[in-house]
Amino acid sequence: MKINNAMRNNNRNIWSRRLAFQAIYSWSINECGIDELQSIFREDENYNKSDNKYFEEIVTGVVNNISTIDDEISKTSEIDIKNINFVELSIIRCFVFELNGNKEIPKEILLAESVKLASKFGGQDSYKFINAFLDNFVKNDTNENN
(Lines give C-alpha, C1' and ligand atoms only; values in the text may rest on other atoms or scores of the structure.)
Protein backbone atom coordinates (compact mmCIF):
# COMPACT_ATOMS: atom_id res chain seq x y z
CA MET A 1 0.00 0.00 0.00
CA LYS A 2 1.30 3.37 -0.98
CA ILE A 3 1.00 6.08 1.69
CA ASN A 4 -0.48 9.32 0.41
CA ASN A 5 -0.45 12.79 1.98
CA ALA A 6 -3.98 12.45 3.39
CA MET A 7 -2.98 9.27 5.23
CA ARG A 8 0.25 10.86 6.46
CA ASN A 9 -1.60 13.97 7.70
CA ASN A 10 -4.23 11.85 9.45
CA ASN A 11 -1.51 9.91 11.25
CA ARG A 12 0.16 13.19 12.25
CA ASN A 13 -3.17 14.41 13.66
CA ILE A 14 -3.50 11.20 15.67
CA TRP A 15 -0.08 11.80 17.22
CA SER A 16 -0.93 15.47 17.80
CA ARG A 17 -4.12 14.49 19.59
CA ARG A 18 -2.36 11.84 21.68
CA LEU A 19 0.40 14.19 22.79
CA ALA A 20 -2.10 16.99 23.45
CA PHE A 21 -4.16 14.66 25.65
CA GLN A 22 -1.02 13.70 27.57
CA ALA A 23 -0.06 17.37 27.94
CA ILE A 24 -3.54 18.31 29.21
CA TYR A 25 -3.42 15.37 31.63
CA SER A 26 -0.05 16.60 32.93
CA TRP A 27 -1.37 20.15 33.19
CA SER A 28 -4.47 18.93 35.09
CA ILE A 29 -2.27 17.34 37.72
CA ASN A 30 0.40 20.02 37.92
CA GLU A 31 -0.63 23.33 36.37
CA CYS A 32 2.16 25.17 34.64
CA GLY A 33 2.45 27.73 31.87
CA ILE A 34 1.57 26.79 28.30
CA ASP A 35 5.10 27.47 27.04
CA GLU A 36 6.63 25.24 29.71
CA LEU A 37 4.07 22.51 29.04
CA GLN A 38 4.68 22.56 25.30
CA SER A 39 8.46 22.61 25.71
CA ILE A 40 8.29 19.47 27.85
CA PHE A 41 6.39 17.65 25.11
CA ARG A 42 8.72 18.91 22.37
CA GLU A 43 11.26 16.59 23.98
CA ASP A 44 8.95 13.56 23.60
CA GLU A 45 10.24 10.99 21.14
CA ASN A 46 6.88 11.06 19.32
CA TYR A 47 6.74 14.83 18.89
CA ASN A 48 8.26 14.64 15.40
CA LYS A 49 5.49 12.25 14.35
CA SER A 50 2.88 14.89 15.17
CA ASP A 51 1.65 17.99 13.43
CA ASN A 52 3.40 20.34 15.85
CA LYS A 53 1.16 23.29 15.04
CA TYR A 54 -1.99 21.22 15.64
CA PHE A 55 -0.61 19.85 18.93
CA GLU A 56 0.08 23.39 20.12
CA GLU A 57 -3.34 24.57 18.94
CA ILE A 58 -5.11 21.89 20.98
CA VAL A 59 -3.03 22.46 24.12
CA THR A 60 -3.29 26.25 23.96
CA GLY A 61 -7.00 26.08 23.14
CA VAL A 62 -7.86 23.78 26.02
CA VAL A 63 -5.80 25.66 28.60
CA ASN A 64 -7.01 29.11 27.48
CA ASN A 65 -10.66 28.01 27.35
CA ILE A 66 -10.73 25.64 30.30
CA SER A 67 -13.61 27.38 32.11
CA THR A 68 -15.86 27.34 29.05
CA ILE A 69 -14.93 23.74 28.24
CA ASP A 70 -15.55 22.59 31.82
CA ASP A 71 -18.90 24.43 31.86
CA GLU A 72 -19.93 22.57 28.70
CA ILE A 73 -18.85 19.26 30.24
CA SER A 74 -20.75 20.01 33.46
CA LYS A 75 -23.95 20.78 31.54
CA THR A 76 -23.82 17.38 29.83
CA SER A 77 -22.51 15.20 32.64
CA GLU A 78 -24.60 13.52 35.28
CA ILE A 79 -21.33 13.08 37.17
CA ASP A 80 -19.81 16.06 38.96
CA ILE A 81 -16.73 17.08 36.97
CA LYS A 82 -14.64 16.78 40.15
CA ASN A 83 -15.45 13.05 40.19
CA ILE A 84 -14.24 12.33 36.65
CA ASN A 85 -10.70 10.97 36.77
CA PHE A 86 -8.01 13.07 35.12
CA VAL A 87 -7.34 10.64 32.25
CA GLU A 88 -10.97 10.65 31.15
CA LEU A 89 -11.42 14.35 31.86
CA SER A 90 -8.36 15.23 29.77
CA ILE A 91 -9.68 13.19 26.84
CA ILE A 92 -13.08 14.87 27.14
CA ARG A 93 -11.54 18.35 27.37
CA CYS A 94 -9.53 17.81 24.18
CA PHE A 95 -12.58 16.39 22.41
CA VAL A 96 -14.79 19.34 23.39
CA PHE A 97 -12.17 21.83 22.22
CA GLU A 98 -11.64 20.05 18.90
CA LEU A 99 -15.36 19.56 18.30
CA ASN A 100 -16.02 23.27 18.81
CA GLY A 101 -12.81 24.60 17.30
CA ASN A 102 -12.05 22.44 14.30
CA LYS A 103 -14.97 21.83 11.96
CA GLU A 104 -12.70 20.19 9.36
CA ILE A 105 -12.41 16.95 11.32
CA PRO A 106 -15.66 14.95 11.46
CA LYS A 107 -17.03 14.36 14.95
CA GLU A 108 -17.09 10.61 14.27
CA ILE A 109 -13.31 10.61 13.85
CA LEU A 110 -12.84 12.67 17.01
CA LEU A 111 -15.11 10.29 18.89
CA ALA A 112 -13.35 7.15 17.60
CA GLU A 113 -9.89 8.51 18.40
CA SER A 114 -11.00 9.62 21.88
CA VAL A 115 -12.28 6.11 22.58
CA LYS A 116 -8.91 4.71 21.39
CA LEU A 117 -7.09 7.03 23.79
CA ALA A 118 -9.33 5.87 26.63
CA SER A 119 -8.65 2.23 25.72
CA LYS A 120 -4.91 2.82 25.73
CA PHE A 121 -4.51 5.13 28.73
CA GLY A 122 -7.66 4.75 30.83
CA GLY A 123 -8.90 2.10 33.19
CA GLN A 124 -10.50 -1.17 32.13
CA ASP A 125 -13.92 0.30 31.25
CA SER A 126 -12.78 3.85 30.58
CA TYR A 127 -13.47 3.54 26.87
CA LYS A 128 -17.13 2.69 27.59
CA PHE A 129 -17.54 5.81 29.71
CA ILE A 130 -15.82 7.99 27.12
CA ASN A 131 -17.90 6.54 24.28
CA ALA A 132 -21.20 7.04 26.13
CA PHE A 133 -20.28 10.48 27.46
CA LEU A 134 -19.04 11.87 24.16
CA ASP A 135 -21.92 10.35 22.20
CA ASN A 136 -24.33 12.05 24.60
CA PHE A 137 -22.33 15.28 24.36
CA VAL A 138 -22.53 15.27 20.56
CA LYS A 139 -26.29 14.60 20.64
CA ASN A 140 -26.85 17.45 23.10
CA ASP A 141 -24.58 19.76 21.12
CA THR A 142 -26.46 18.93 17.91
CA ASN A 143 -29.83 19.53 19.56
CA GLU A 144 -28.71 22.92 20.93
CA ASN A 145 -27.40 24.03 17.52
CA ASN A 146 -30.61 23.11 15.67
# chains A, B, ... in the order shown; residues from 1 in each chain; ligands from 1
>>> residues_around(residues="Ile84 in chain A", least_positions_apart="6", cutoff="12 Å", atoms="only C-alpha atoms", output="PyMOL selection string")
chain A and resi 28+70+73-74+77-78+90-93+122+126+129-130+133
>>> residues_around(residues="Ile40 in chain A", least_positions_apart="6", cutoff="12 Å", atoms="only C-alpha atoms", output="list in words")
Leu19, Ala20, Gln22, Ala23, Ile24, Ser26, Trp27, Cys32, Gly33, Ile34, Tyr47 and Glu56 of chain A
>>> closest_residue(among="A:Asn140, A:Thr60, A:Asn85, A:Asn131", to="Ile29 in chain A", atoms="only C-alpha atoms")
A:Asn85
>>> closest_residue(among="A:Glu98, A:Glu104, A:Glu88, A:Glu113", to="Asp125 in chain A", atoms="only C-alpha atoms")
A:Glu88
>>> atom_distance(atom1="CA of Thr68 in chain A", atom2="CA of Asp135 in chain A")
19.3 Å
>>> residues_around(residues="range 14-17 of chain A", least_positions_apart="5", cutoff="6 Å", atoms="only C-alpha atoms", output="ChimeraX atom specification")
/A:50-51,55
>>> atom_distance(atom1="CA of Phe41 in chain A", atom2="CA of Glu108 in chain A")
26.8 Å
>>> atom_distance(atom1="CA of Lys107 in chain A", atom2="CA of Glu72 in chain A")
16.3 Å
>>> closest_residue(among="A:Lys103, A:Phe21, A:Asn48, A:Thr76", to="Asn136 in chain A", atoms="only C-alpha atoms")
A:Thr76
>>> closest_residue(among="A:Ala132, A:Leu37, A:Val115, A:Cys94", to="Gly61 in chain A", atoms="only C-alpha atoms")
A:Cys94
